>>> print(open('input-v4.tsv').read())   # TSV, C-alpha atoms and all ligand atoms
chain	number	residue	atom	x	y	z
A	24	MET	CA	158.31	303.70	-64.94
A	25	ARG	CA	158.90	300.91	-62.58
A	26	GLN	CA	157.60	297.66	-63.99
A	27	GLU	CA	155.73	295.44	-61.52
A	28	LYS	CA	156.96	291.89	-61.69
A	29	ARG	CA	153.86	289.58	-61.46
A	30	PHE	CA	154.21	286.55	-59.23
A	31	ARG	CA	153.86	283.35	-61.26
A	32	PRO	CA	154.39	280.08	-59.34
A	33	HIS	CA	156.92	277.81	-60.94
A	34	TYR	CA	157.58	274.20	-60.13
A	35	PHE	CA	160.67	272.31	-60.79
A	36	LEU	CA	160.41	268.81	-62.03
A	37	LEU	CA	163.46	266.70	-61.61
A	38	THR	CA	163.84	263.51	-63.54
A	39	TRP	CA	166.74	261.20	-63.43
A	40	HIS	CA	168.07	259.84	-66.62
A	41	ALA	CA	169.27	256.35	-65.94
A	42	GLY	CA	171.14	256.01	-69.20
A	43	GLU	CA	174.65	255.00	-69.86
A	44	HIS	CA	176.11	258.06	-68.17
A	45	GLY	CA	173.49	258.71	-65.52
A	46	GLY	CA	172.86	262.29	-64.41
A	47	GLY	CA	169.77	264.53	-64.10
A	48	TYR	CA	167.68	267.19	-65.87
A	49	VAL	CA	165.67	269.98	-64.30
A	50	PHE	CA	162.54	271.38	-66.04
A	51	ASP	CA	160.91	274.64	-65.06
A	52	ILE	CA	157.09	274.26	-65.59
A	53	THR	CA	153.92	276.14	-64.59
A	54	ILE	CA	151.03	274.59	-62.60
A	55	CYS	CA	148.95	274.44	-65.77
A	56	GLN	CA	151.65	272.43	-67.55
A	57	LEU	CA	151.90	270.14	-64.52
A	58	TYR	CA	148.13	269.54	-64.61
A	59	ILE	CA	148.19	268.61	-68.31
A	60	MET	CA	151.06	266.21	-67.70
A	61	CYS	CA	149.12	264.50	-64.91
A	62	ILE	CA	146.09	263.97	-67.18
A	63	ILE	CA	148.26	262.53	-69.98
A	64	THR	CA	150.05	260.22	-67.52
A	65	ALA	CA	146.72	258.97	-66.06
A	66	GLY	CA	145.35	258.38	-69.58
A	67	CYS	CA	148.44	256.41	-70.57
A	68	TYR	CA	148.12	254.28	-67.42
A	69	ILE	CA	144.46	253.44	-68.07
A	70	CYS	CA	145.31	252.39	-71.63
A	71	THR	CA	147.86	249.92	-70.30
A	72	ILE	CA	145.24	247.99	-68.21
A	73	PRO	CA	144.70	244.70	-70.08
A	74	LEU	CA	141.28	244.33	-71.78
A	75	THR	CA	140.33	241.30	-69.69
A	76	GLU	CA	140.84	243.26	-66.45
A	77	LYS	CA	138.57	246.04	-67.72
A	78	GLU	CA	135.91	243.46	-68.67
A	79	VAL	CA	135.92	242.00	-65.18
A	80	VAL	CA	135.13	245.43	-63.79
A	81	THR	CA	132.31	246.27	-66.20
A	82	MET	CA	130.92	242.77	-66.89
A	83	PRO	CA	127.20	242.76	-66.03
A	84	SER	CA	126.16	239.94	-63.76
A	85	ILE	CA	123.06	238.56	-62.11
A	86	THR	CA	122.57	236.26	-59.16
A	87	ILE	CA	120.76	232.93	-59.63
A	88	THR	CA	119.47	231.22	-56.47
A	89	PRO	CA	117.73	227.82	-56.71
A	90	LEU	CA	114.25	227.80	-55.16
A	91	ALA	CA	113.52	224.05	-54.89
A	92	PRO	CA	115.53	220.85	-55.44
A	93	ALA	CA	113.54	219.89	-58.57
A	94	LEU	CA	113.25	223.19	-60.46
A	95	GLY	CA	112.88	226.94	-60.11
A	96	ALA	CA	115.41	229.69	-59.44
A	97	GLU	CA	115.29	233.31	-58.36
A	98	VAL	CA	117.07	235.81	-60.61
A	99	SER	CA	118.20	238.94	-58.79
A	100	GLY	CA	120.35	241.93	-59.69
A	101	VAL	CA	118.40	242.81	-62.81
A	102	HIS	CA	115.61	245.27	-63.64
A	103	LEU	CA	113.43	244.20	-66.52
A	104	HIS	CA	111.93	247.60	-67.28
A	105	SER	CA	114.82	248.71	-69.52
A	106	ALA	CA	116.82	247.18	-72.36
A	107	LEU	CA	119.09	244.42	-71.07
A	108	ASP	CA	122.72	243.91	-71.92
A	109	ASN	CA	123.29	240.90	-74.25
A	110	ALA	CA	125.51	239.23	-71.65
A	111	ILE	CA	122.68	239.39	-69.10
A	112	ILE	CA	120.15	238.00	-71.60
A	113	THR	CA	122.50	235.08	-72.26
A	114	GLU	CA	122.89	234.44	-68.50
A	115	ILE	CA	119.10	234.47	-68.05
A	116	LYS	CA	118.57	232.05	-70.96
A	117	GLN	CA	121.20	229.66	-69.61
A	118	ALA	CA	119.56	229.76	-66.16
A	119	TRP	CA	116.17	229.16	-67.78
A	120	ASP	CA	117.44	226.01	-69.58
A	121	LYS	CA	118.85	224.76	-66.29
A	122	PHE	CA	116.08	225.66	-63.81
A	123	LEU	CA	113.00	225.67	-66.16
A	124	VAL	CA	111.15	228.25	-64.04
A	125	LEU	CA	112.68	231.65	-63.22
A	126	ARG	CA	111.34	234.14	-60.70
A	127	PHE	CA	112.17	237.87	-60.83
A	128	ARG	CA	110.95	239.78	-57.75
A	129	GLY	CA	110.19	243.50	-57.44
A	130	GLN	CA	109.51	244.03	-61.16
A	131	SER	CA	107.10	246.92	-61.45
A	132	LEU	CA	106.50	246.78	-65.21
A	133	THR	CA	104.10	248.47	-67.59
A	134	ASP	CA	102.40	246.25	-70.19
A	135	PRO	CA	104.73	247.46	-72.99
A	136	GLN	CA	107.72	246.62	-70.75
A	137	LEU	CA	106.30	243.15	-70.07
A	138	LEU	CA	105.85	242.66	-73.82
A	139	ALA	CA	109.40	243.89	-74.56
A	140	PHE	CA	110.90	241.46	-72.03
A	141	SER	CA	108.71	238.61	-73.34
A	142	ARG	CA	109.90	239.22	-76.93
A	143	LEU	CA	113.48	238.42	-75.87
A	144	PHE	CA	112.36	234.77	-75.81
A	145	GLY	CA	110.77	234.71	-79.27
A	146	GLU	CA	107.68	235.74	-81.15
A	147	LEU	CA	104.65	236.43	-78.98
A	148	ASP	CA	101.85	233.88	-79.13
A	149	PRO	CA	98.49	235.58	-78.51
A	150	PRO	CA	96.23	233.81	-76.01
A	151	GLY	CA	93.88	231.08	-77.24
A	152	PRO	CA	90.15	231.81	-77.37
A	153	ASN	CA	88.78	232.68	-73.94
A	154	PRO	CA	85.20	231.86	-72.94
A	155	TYR	CA	84.14	235.47	-73.60
A	156	GLY	CA	85.37	235.54	-77.21
A	157	LYS	CA	87.44	238.78	-77.25
A	158	PRO	CA	90.81	239.89	-75.85
A	159	PHE	CA	90.74	241.09	-72.24
A	160	LEU	CA	93.03	244.03	-73.03
A	161	GLU	CA	91.90	245.69	-76.29
A	162	GLU	CA	95.14	247.70	-76.47
A	163	PHE	CA	97.42	244.70	-75.88
A	164	PRO	CA	95.71	241.61	-77.37
A	165	GLU	CA	98.96	239.62	-76.93
A	166	ILE	CA	98.47	239.82	-73.15
A	167	ASN	CA	96.11	237.45	-71.40
A	168	VAL	CA	94.59	238.47	-68.08
A	169	ILE	CA	94.26	235.88	-65.30
A	170	SER	CA	91.91	237.26	-62.69
A	171	ASN	CA	88.82	236.71	-60.57
A	172	VAL	CA	87.89	240.43	-60.64
A	173	LYS	CA	84.63	241.48	-62.26
A	174	VAL	CA	83.79	245.03	-63.35
A	175	ASP	CA	80.06	245.68	-63.65
A	176	GLY	CA	79.55	241.92	-63.41
A	177	VAL	CA	81.90	241.24	-66.34
A	178	PRO	CA	85.13	239.24	-65.67
A	179	ILE	CA	88.30	241.20	-66.51
A	180	GLY	CA	90.23	237.93	-66.93
A	181	ASN	CA	90.30	234.13	-67.08
A	182	LEU	CA	90.30	231.30	-64.55
A	183	GLY	CA	88.31	232.96	-61.72
A	184	ASP	CA	89.18	232.09	-58.10
A	185	GLY	CA	88.98	228.29	-58.26
A	186	GLU	CA	91.66	225.68	-58.59
A	187	ALA	CA	93.38	225.38	-61.97
A	188	VAL	CA	94.36	221.73	-62.46
A	189	TRP	CA	97.77	220.47	-63.60
A	190	HIS	CA	98.37	221.27	-67.26
A	191	CYS	CA	100.76	222.36	-69.92
A	192	ASP	CA	99.58	225.35	-71.99
A	193	MET	CA	97.75	224.90	-75.28
A	194	THR	CA	99.09	221.46	-76.09
A	195	TYR	CA	95.86	220.87	-78.01
A	196	VAL	CA	97.51	222.71	-80.96
A	197	ALA	CA	100.26	221.25	-83.18
A	198	ASN	CA	102.88	223.82	-82.05
A	199	PRO	CA	102.25	224.67	-78.39
A	200	PRO	CA	103.93	227.71	-76.83
A	201	ARG	CA	107.56	227.33	-75.78
A	202	ALA	CA	107.29	229.68	-72.82
A	203	ALA	CA	104.90	231.71	-70.74
A	204	MET	CA	105.18	234.51	-68.18
A	205	LEU	CA	102.96	235.67	-65.36
A	206	HIS	CA	103.34	239.18	-63.94
A	207	ALA	CA	101.62	239.64	-60.58
A	208	LEU	CA	99.75	242.97	-60.31
A	209	ASP	CA	97.50	242.13	-57.37
A	210	VAL	CA	97.71	239.05	-55.16
A	211	PRO	CA	95.65	237.70	-52.26
A	212	PRO	CA	97.26	237.67	-48.80
A	213	SER	CA	97.11	233.87	-48.92
A	214	GLY	CA	96.01	231.17	-51.39
A	215	GLY	CA	96.30	231.23	-55.16
A	216	ASP	CA	99.79	229.69	-55.04
A	217	THR	CA	101.06	228.29	-58.32
A	218	PHE	CA	103.05	225.04	-58.65
A	219	TRP	CA	105.33	223.80	-61.41
A	220	ALA	CA	106.56	220.23	-61.94
A	221	ASN	CA	109.73	219.12	-63.75
A	222	MET	CA	108.92	216.73	-66.61
A	223	TYR	CA	112.57	215.85	-67.35
A	224	LEU	CA	112.79	214.49	-63.83
A	225	ALA	CA	109.41	212.79	-64.12
A	226	PHE	CA	110.62	210.91	-67.20
A	227	GLU	CA	114.06	210.08	-65.81
A	228	THR	CA	112.56	208.59	-62.64
A	229	LEU	CA	109.69	206.75	-64.34
A	230	PRO	CA	109.74	203.03	-63.47
A	231	ALA	CA	111.10	200.90	-66.32
A	232	ASN	CA	107.77	199.09	-66.86
A	233	LEU	CA	105.98	202.43	-67.43
A	234	LYS	CA	108.77	203.64	-69.72
A	235	ALA	CA	108.34	200.48	-71.78
A	236	LYS	CA	104.55	200.92	-71.94
A	237	ILE	CA	104.73	204.48	-73.32
A	238	GLU	CA	107.63	204.01	-75.71
A	239	GLY	CA	106.64	205.25	-79.17
A	240	ARG	CA	103.10	206.10	-77.96
A	241	ARG	CA	101.13	209.27	-78.67
A	242	ALA	CA	98.22	210.85	-76.83
A	243	ILE	CA	95.31	213.09	-77.77
A	244	HIS	CA	95.42	216.53	-76.07
A	245	ASP	CA	91.83	217.69	-75.67
A	246	ALA	CA	90.98	221.30	-76.57
A	247	THR	CA	87.53	221.41	-75.00
A	248	TYR	CA	88.12	222.71	-71.46
A	249	ASN	CA	90.54	225.15	-69.87
A	250	SER	CA	92.38	224.29	-66.64
A	251	ALA	CA	89.59	225.81	-64.53
A	252	GLY	CA	87.10	223.41	-66.13
A	253	VAL	CA	85.41	226.08	-68.29
A	254	MET	CA	84.44	225.03	-71.82
A	255	ARG	CA	86.25	226.99	-74.53
A	256	LYS	CA	84.18	229.04	-76.96
A	257	GLY	CA	82.86	227.01	-79.89
A	258	MET	CA	83.49	223.61	-78.21
A	259	LYS	CA	80.99	220.96	-77.23
A	260	ASP	CA	81.10	218.40	-74.46
A	261	VAL	CA	83.26	215.32	-75.01
A	262	THR	CA	81.66	211.99	-74.15
A	263	ASP	CA	84.41	209.73	-75.55
A	264	PRO	CA	88.07	210.88	-75.16
A	265	ARG	CA	88.97	208.89	-78.28
A	266	GLU	CA	87.01	211.50	-80.21
A	267	ALA	CA	88.24	214.57	-78.35
A	268	PRO	CA	89.25	217.48	-80.61
A	269	GLY	CA	92.93	218.41	-80.31
A	270	ALA	CA	96.46	217.61	-81.44
A	271	GLN	CA	98.18	214.28	-80.91
A	272	HIS	CA	101.69	214.41	-79.42
A	273	PRO	CA	104.31	211.83	-78.40
A	274	LEU	CA	104.22	210.97	-74.67
A	275	VAL	CA	107.99	211.40	-74.48
A	276	ILE	CA	109.37	214.39	-76.36
A	277	ARG	CA	112.81	215.68	-77.24
A	278	HIS	CA	113.19	219.19	-75.89
A	279	PRO	CA	114.18	221.24	-78.96
A	280	ASP	CA	116.73	223.40	-77.10
A	281	THR	CA	118.33	221.00	-74.63
A	282	GLY	CA	117.81	217.69	-76.51
A	283	ARG	CA	116.67	216.08	-73.21
A	284	ALA	CA	113.74	213.66	-72.91
A	285	ALA	CA	110.63	214.98	-71.13
A	286	LEU	CA	107.29	213.42	-70.29
A	287	PHE	CA	104.63	215.35	-72.24
A	288	LEU	CA	101.18	214.86	-70.73
A	289	GLY	CA	99.23	218.06	-71.49
A	290	ARG	CA	96.21	217.71	-69.21
A	291	ARG	CA	94.46	214.68	-67.76
A	292	ARG	CA	90.84	215.47	-68.69
A	293	ASN	CA	89.77	213.68	-71.90
A	294	SER	CA	93.33	212.52	-72.60
A	295	TYR	CA	93.68	209.28	-74.52
A	296	ILE	CA	96.68	207.14	-75.50
A	297	VAL	CA	96.21	206.29	-79.15
A	298	GLY	CA	95.90	202.58	-80.03
A	299	MET	CA	94.89	201.39	-76.53
A	300	THR	CA	91.47	200.46	-75.24
A	301	LEU	CA	89.89	203.28	-73.24
A	302	GLU	CA	90.36	201.27	-70.04
A	303	GLU	CA	94.07	200.57	-70.73
A	304	SER	CA	94.64	204.19	-71.67
A	305	ASN	CA	92.90	205.54	-68.54
A	306	ALA	CA	94.77	203.15	-66.23
A	307	LEU	CA	98.16	204.04	-67.75
A	308	LEU	CA	97.42	207.78	-67.77
A	309	ASP	CA	96.43	207.64	-64.09
A	310	GLU	CA	99.76	205.99	-63.24
A	311	LEU	CA	101.73	208.51	-65.32
A	312	TRP	CA	99.94	211.50	-63.77
A	313	ALA	CA	100.36	210.19	-60.21
A	314	HIS	CA	104.10	209.85	-60.83
A	315	ALA	CA	104.62	213.14	-62.73
A	316	THR	CA	103.00	215.32	-60.06
A	317	LYS	CA	104.77	213.89	-57.00
A	318	PRO	CA	105.69	216.73	-54.61
A	319	GLU	CA	109.43	216.07	-54.99
A	320	PHE	CA	109.24	217.12	-58.67
A	321	THR	CA	107.56	220.45	-57.90
A	322	PHE	CA	108.21	224.06	-56.93
A	323	ARG	CA	105.59	226.16	-55.10
A	324	GLN	CA	105.28	229.88	-55.79
A	325	GLU	CA	103.78	232.07	-53.07
A	326	TRP	CA	103.07	235.28	-54.95
A	327	ARG	CA	104.07	238.84	-54.11
A	328	CYS	CA	103.03	241.86	-56.13
A	329	ASP	CA	105.54	242.63	-58.90
A	330	ASP	CA	106.77	239.04	-59.12
A	331	LEU	CA	107.40	237.93	-62.67
A	332	ILE	CA	107.67	234.21	-63.42
A	333	LEU	CA	108.96	232.80	-66.70
A	334	TRP	CA	108.56	229.08	-67.39
A	335	ASP	CA	109.39	226.55	-70.06
A	336	ASN	CA	106.12	225.08	-71.30
A	337	ARG	CA	107.69	222.04	-72.97
A	338	CYS	CA	109.25	220.42	-69.93
A	339	THR	CA	107.00	221.56	-67.05
A	340	LEU	CA	103.41	221.22	-65.89
A	341	HIS	CA	101.71	223.85	-63.71
A	342	ARG	CA	98.64	224.20	-61.54
A	343	ARG	CA	97.13	226.78	-59.19
A	344	ASP	CA	95.42	226.65	-55.78
A	345	ALA	CA	91.98	228.17	-55.24
A	346	PHE	CA	91.76	231.39	-53.17
A	347	ASP	CA	89.28	233.54	-51.27
A	348	PRO	CA	86.75	234.87	-53.82
A	349	THR	CA	86.32	238.14	-51.89
A	350	VAL	CA	89.94	239.22	-52.51
A	351	SER	CA	91.32	240.17	-55.90
A	352	ARG	CA	94.10	238.51	-57.83
A	353	ILE	CA	95.27	240.04	-61.13
A	354	MET	CA	98.02	238.64	-63.35
A	355	HIS	CA	99.10	239.73	-66.81
A	356	ARG	CA	100.32	236.81	-68.86
A	357	THR	CA	102.29	236.41	-72.10
A	358	GLN	CA	103.21	233.40	-74.21
A	359	ILE	CA	105.97	232.73	-76.72
A	360	LYS	CA	105.41	230.70	-79.90
A	361	GLY	CA	106.89	227.24	-80.03
A	362	GLY	CA	107.79	224.89	-82.89
A	363	PRO	CA	106.71	221.34	-83.72
A	364	ILE	CA	106.83	218.71	-80.98
A	365	GLU	CA	109.17	215.79	-81.75
A	366	ALA	CA	109.32	212.35	-80.18
A	367	PHE	CA	112.42	211.54	-78.14
A	368	GLN	CA	114.53	208.87	-79.86
A	369	PRO	CA	116.84	207.16	-77.38
A	370	SER	CA	120.32	206.77	-78.86
A	371	PRO	CA	121.29	203.11	-79.52
A	372	LEU	CA	124.44	203.63	-77.40
A	373	ALA	CA	122.43	204.80	-74.38
A	374	GLU	CA	120.12	201.80	-74.72
A	375	ALA	CA	123.01	199.35	-74.88
A	376	SER	CA	124.72	200.73	-71.78
A	401	LIG	C1	97.95	229.63	-65.60
A	401	LIG	O1	97.59	228.46	-65.58
A	401	LIG	O2	98.58	230.09	-66.51
A	401	LIG	C2	97.60	230.52	-64.43
A	401	LIG	C3	98.24	230.12	-63.19
A	401	LIG	C4	97.93	231.06	-62.07
A	401	LIG	O3	96.87	231.70	-62.08
A	401	LIG	O4	98.73	231.15	-61.16
>>> encode(input="input-v4.tsv", output="structure tokens")
Amino acid sequence: MRQEKRFRPHYFLLTWHAGEHGGGYVFDITICQLYIMCIITAGCYICTIPLTEKEVVTMPSITITPLAPALGAEVSGVHLHSALDNAIITEIKQAWDKFLVLRFRGQSLTDPQLLAFSRLFGELDPPGPNPYGKPFLEEFPEINVISNVKVDGVPIGNLGDGEAVWHCDMTYVANPPRAAMLHALDVPPSGGDTFWANMYLAFETLPANLKAKIEGRRAIHDATYNSAGVMRKGMKDVTDPREAPGAQHPLVIRHPDTGRAALFLGRRRNSYIVGMTLEESNALLDELWAHATKPEFTFRQEWRCDDLILWDNRCTLHRRDAFDPTVSRIMHRTQIKGGPIEAFQPSPLAEAS
């Protein structure tokens, strides 16, 4: 019987041996063998790429764009709804120390995702008592709601539609929050802008006579009213700021993370500088507040839905504009626990120079 000879493609691989004698070898291989060789060669090549070059390719990165000369930066190139790479978290924290207020646009987050992102900055600090005496979100008591919306006549959140005056959050307690976040779920077409002011800059630019007057001084931070002027639950009206309930803090603090000096004013209403007459205290506080809230120290946020803003509560003040009461504005807000507030001690060397 005549045996059919099956056609099997063969390739010839010629390699030159460049050794002492020179010369060449010819190998007869199939296409399958050639394929395997290619894979091995590619693998060997990849393994020879230096580690640093590979890191450059895969290194996660975000873009930080300053928003105002005094403070505030936009962080782009990151989605906050999923777990973040450690390198990205470090970049965000460094930007936060530098710019004090960070804005992330286009962040459509659920409440658990907002809470997960907030926890990257420390332990959550549940909101202080609101005028209605119970959390706005039963399922997520760590989230505060800032809103003018009412359902069946009952407010779904705090602060209404009026102006919220300049303040720093919850400084009436011994350990005020280190950070806070606002996540915009519904915003008016105009109005309701929020402003932040840089208190490092306010201190650094304070005239020398005012610096001298506040050196070593402490102030009372009244707990009675919120920034919209609504009395907190269980409080009663204050007739003499010297007797206002609330913590006392140094007027110039040392930021626990950066070590920088910051003016620490809390809120103007019922504030009192300990050890002064009421008149002296009021006159000095008025001067300090007029300086600290100058427009050149501020950043203005015009909200869009899905904006998320993170701010440092120890070295900034914030306030909000009023807005049209017939439109709705809904923000979900978190806070991060802070530690004790320490006075700034100027180093003897800095004073001498
Ligand atoms: C706040 O003071 O935390 C709220 C600010 C705002 O409603 O924009």
>>> closest_atom_pairs(input="input-v4.tsv", of="chain A", to="ligand LIG 401 (chain A)", cutoff="6 Å", atoms="all atoms listed in the file", output="Markdown table")
| residue | atom | partner | partner_atom | distance |
| --- | --- | --- | --- | --- |
| A:Ile169 | CA | A:LIG401 | O3 | 5.9 |
| A:Thr217 | CA | A:LIG401 | O4 | 4.7 |
| A:Arg342 | CA | A:LIG401 | O1 | 6.0 |
| A:Arg343 | CA | A:LIG401 | O4 | 5.1 |
>>> residues_around(input="input-v4.tsv", residues="Ser170 in chain A", least_positions_apart="4", cutoff="8 Å", atoms="all atoms listed in the file", output="PyMOL selection string")
chain A and resi 178-184+351-354
>>> residues_near_point(input="input-v4.tsv", point="(113.8, 243.4, -60.9)", cutoff="6 Å", atoms="all atoms listed in the file", output="JSON, numbers by chain")
{"A": [101, 102, 103, 127, 128, 129, 130]}
>>> atom_distance(input="input-v4.tsv", atom1="CA of Arg290 in chain A", atom2="CA of Met193 in chain A")
9.5 Å
>>> closest_atom_pairs(input="input-v4.tsv", of="range 136-230 of chain A", to="range 255-269 of chain A", cutoff="12 Å", atoms="only C-alpha atoms", output="Markdown table")
| residue | atom | partner | partner_atom | distance |
| --- | --- | --- | --- | --- |
| A:Gly151 | CA | A:Arg255 | CA | 9.1 |
| A:Pro152 | CA | A:Lys256 | CA | 6.6 |
| A:Asn153 | CA | A:Arg255 | CA | 6.3 |
| A:Pro154 | CA | A:Lys256 | CA | 5.0 |
| A:Tyr155 | CA | A:Lys256 | CA | 7.3 |
| A:Gly156 | CA | A:Lys256 | CA | 6.6 |
| A:Lys157 | CA | A:Lys256 | CA | 10.3 |
| A:Asn181 | CA | A:Arg255 | CA | 11.1 |
| A:Leu182 | CA | A:Arg255 | CA | 11.6 |
| A:Met193 | CA | A:Gly269 | CA | 9.5 |
| A:Thr194 | CA | A:Gly269 | CA | 8.1 |
| A:Tyr195 | CA | A:Gly269 | CA | 4.5 |
| A:Val196 | CA | A:Gly269 | CA | 6.3 |
| A:Ala197 | CA | A:Gly269 | CA | 8.4 |
| A:Asn198 | CA | A:Gly269 | CA | 11.5 |
| A:Pro199 | CA | A:Gly269 | CA | 11.4 |
>>> closest_residue(input="input-v4.tsv", among="A:Phe367, A:Phe218, A:Trp119, A:Phe159", to="Thr316 in chain A", atoms="all atoms listed in the file")
A:Phe218
>>> residues_near_point(input="input-v4.tsv", point="(100.6, 245.2, -73.3)", cutoff="8 Å", atoms="all atoms listed in the file", output="list in words")
Thr133, Asp134, Pro135, Gln136, Leu137, Leu138, Leu160, Glu162, Phe163, Pro164, Glu165 and Ile166 of chain A
>>> closest_residue(input="input-v4.tsv", among="A:Pro212, A:Gly100, A:Gly95, A:Pro318", to="Arg126 in chain A", atoms="all atoms listed in the file")
A:Gly95
>>> residues_around(input="input-v4.tsv", residues="Leu123 in chain A", least_positions_apart="4", cutoff="8 Å", atoms="all atoms listed in the file", output="PyMOL selection string")
chain A and resi 94-95+118-119+221+334-335+338-339
>>> write_last_selection(input="input-v4.tsv", atoms="C-alpha atoms", output="mmCIF file, in the frame of the given file")
data_model
loop_
_atom_site.group_PDB
_atom_site.id
_atom_site.type_symbol
_atom_site.label_atom_id
_atom_site.label_comp_id
_atom_site.auth_asym_id
_atom_site.auth_seq_id
_atom_site.Cartn_x
_atom_site.Cartn_y
_atom_site.Cartn_z
ATOM 1 C CA LEU A 94 113.250 223.190 -60.460
ATOM 2 C CA GLY A 95 112.880 226.940 -60.110
ATOM 3 C CA ALA A 118 119.560 229.760 -66.160
ATOM 4 C CA TRP A 119 116.170 229.160 -67.780
ATOM 5 C CA ASN A 221 109.730 219.120 -63.750
ATOM 6 C CA TRP A 334 108.560 229.080 -67.390
ATOM 7 C CA ASP A 335 109.390 226.550 -70.060
ATOM 8 C CA CYS A 338 109.250 220.420 -69.930
ATOM 9 C CA THR A 339 107.000 221.560 -67.050
#
>>> residues_around(input="input-v4.tsv", residues="range 223-233 of chain A", least_positions_apart="6", cutoff="10 Å", atoms="all atoms listed in the file", output="list in words")
Ala93, Leu94, Leu123, Leu274, Val275, Ile276, Arg277, His278, Arg283, Ala284, Ala285, Leu286, Phe287, Leu307, Glu310, Leu311, Trp312, His314, Ala315, Thr316, Lys317, Glu319, Phe320, Thr321, Arg337, Cys338 and Thr339 of chain A
>>> closest_residue(input="input-v4.tsv", among="A:His190, A:Thr88, A:Val177, A:Asp120", to="Ala220 in chain A", atoms="all atoms listed in the file")
A:His190
>>> atom_distance(input="input-v4.tsv", atom1="CA of Ala187 in chain A", atom2="CA of Leu340 in chain A")
11.5 Å
>>> atom_distance(input="input-v4.tsv", atom1="CA of Gly362 in chain A", atom2="CA of Pro158 in chain A")
23.7 Å
>>> residues_around(input="input-v4.tsv", residues="Glu146 in chain A", least_positions_apart="5", cutoff="12 Å", atoms="all atoms listed in the file", output="list of chain:residue names")
A:Leu138, A:Ala139, A:Phe140, A:Ser141, A:Glu165, A:Pro200, A:Arg201, A:Ala202, A:Ala203, A:Thr357, A:Gln358, A:Ile359, A:Lys360, A:Gly361, A:Gly362
>>> write_last_selection(input="input-v4.tsv", atoms="C-alpha atoms", output="mmCIF file, in the coordinates of the input")
data_model
loop_
_atom_site.group_PDB
_atom_site.id
_atom_site.type_symbol
_atom_site.label_atom_id
_atom_site.label_comp_id
_atom_site.auth_asym_id
_atom_site.auth_seq_id
_atom_site.Cartn_x
_atom_site.Cartn_y
_atom_site.Cartn_z
ATOM 1 C CA LEU A 138 105.850 242.660 -73.820
ATOM 2 C CA ALA A 139 109.400 243.890 -74.560
ATOM 3 C CA PHE A 140 110.900 241.460 -72.030
ATOM 4 C CA SER A 141 108.710 238.610 -73.340
ATOM 5 C CA GLU A 165 98.960 239.620 -76.930
ATOM 6 C CA PRO A 200 103.930 227.710 -76.830
ATOM 7 C CA ARG A 201 107.560 227.330 -75.780
ATOM 8 C CA ALA A 202 107.290 229.680 -72.820
ATOM 9 C CA ALA A 203 104.900 231.710 -70.740
ATOM 10 C CA THR A 357 102.290 236.410 -72.100
ATOM 11 C CA GLN A 358 103.210 233.400 -74.210
ATOM 12 C CA ILE A 359 105.970 232.730 -76.720
ATOM 13 C CA LYS A 360 105.410 230.700 -79.900
ATOM 14 C CA GLY A 361 106.890 227.240 -80.030
ATOM 15 C CA GLY A 362 107.790 224.890 -82.890
#
>>> residues_around(input="input-v4.tsv", residues="Gly252 in chain A", least_positions_apart="5", cutoff="10 Å", atoms="all atoms listed in the file", output="PyMOL selection string")
chain A and resi 182+185-188+247+292
>>> closest_residue(input="input-v4.tsv", among="A:Asn336, A:Ser304, A:Ser105, A:Ser294", to="Lys236 in chain A", atoms="all atoms listed in the file")
A:Ser304
>>> closest_residue(input="input-v4.tsv", among="A:Asn167, A:Asn109, A:Gln271, A:Thr281", to="Val297 in chain A", atoms="all atoms listed in the file")
A:Gln271
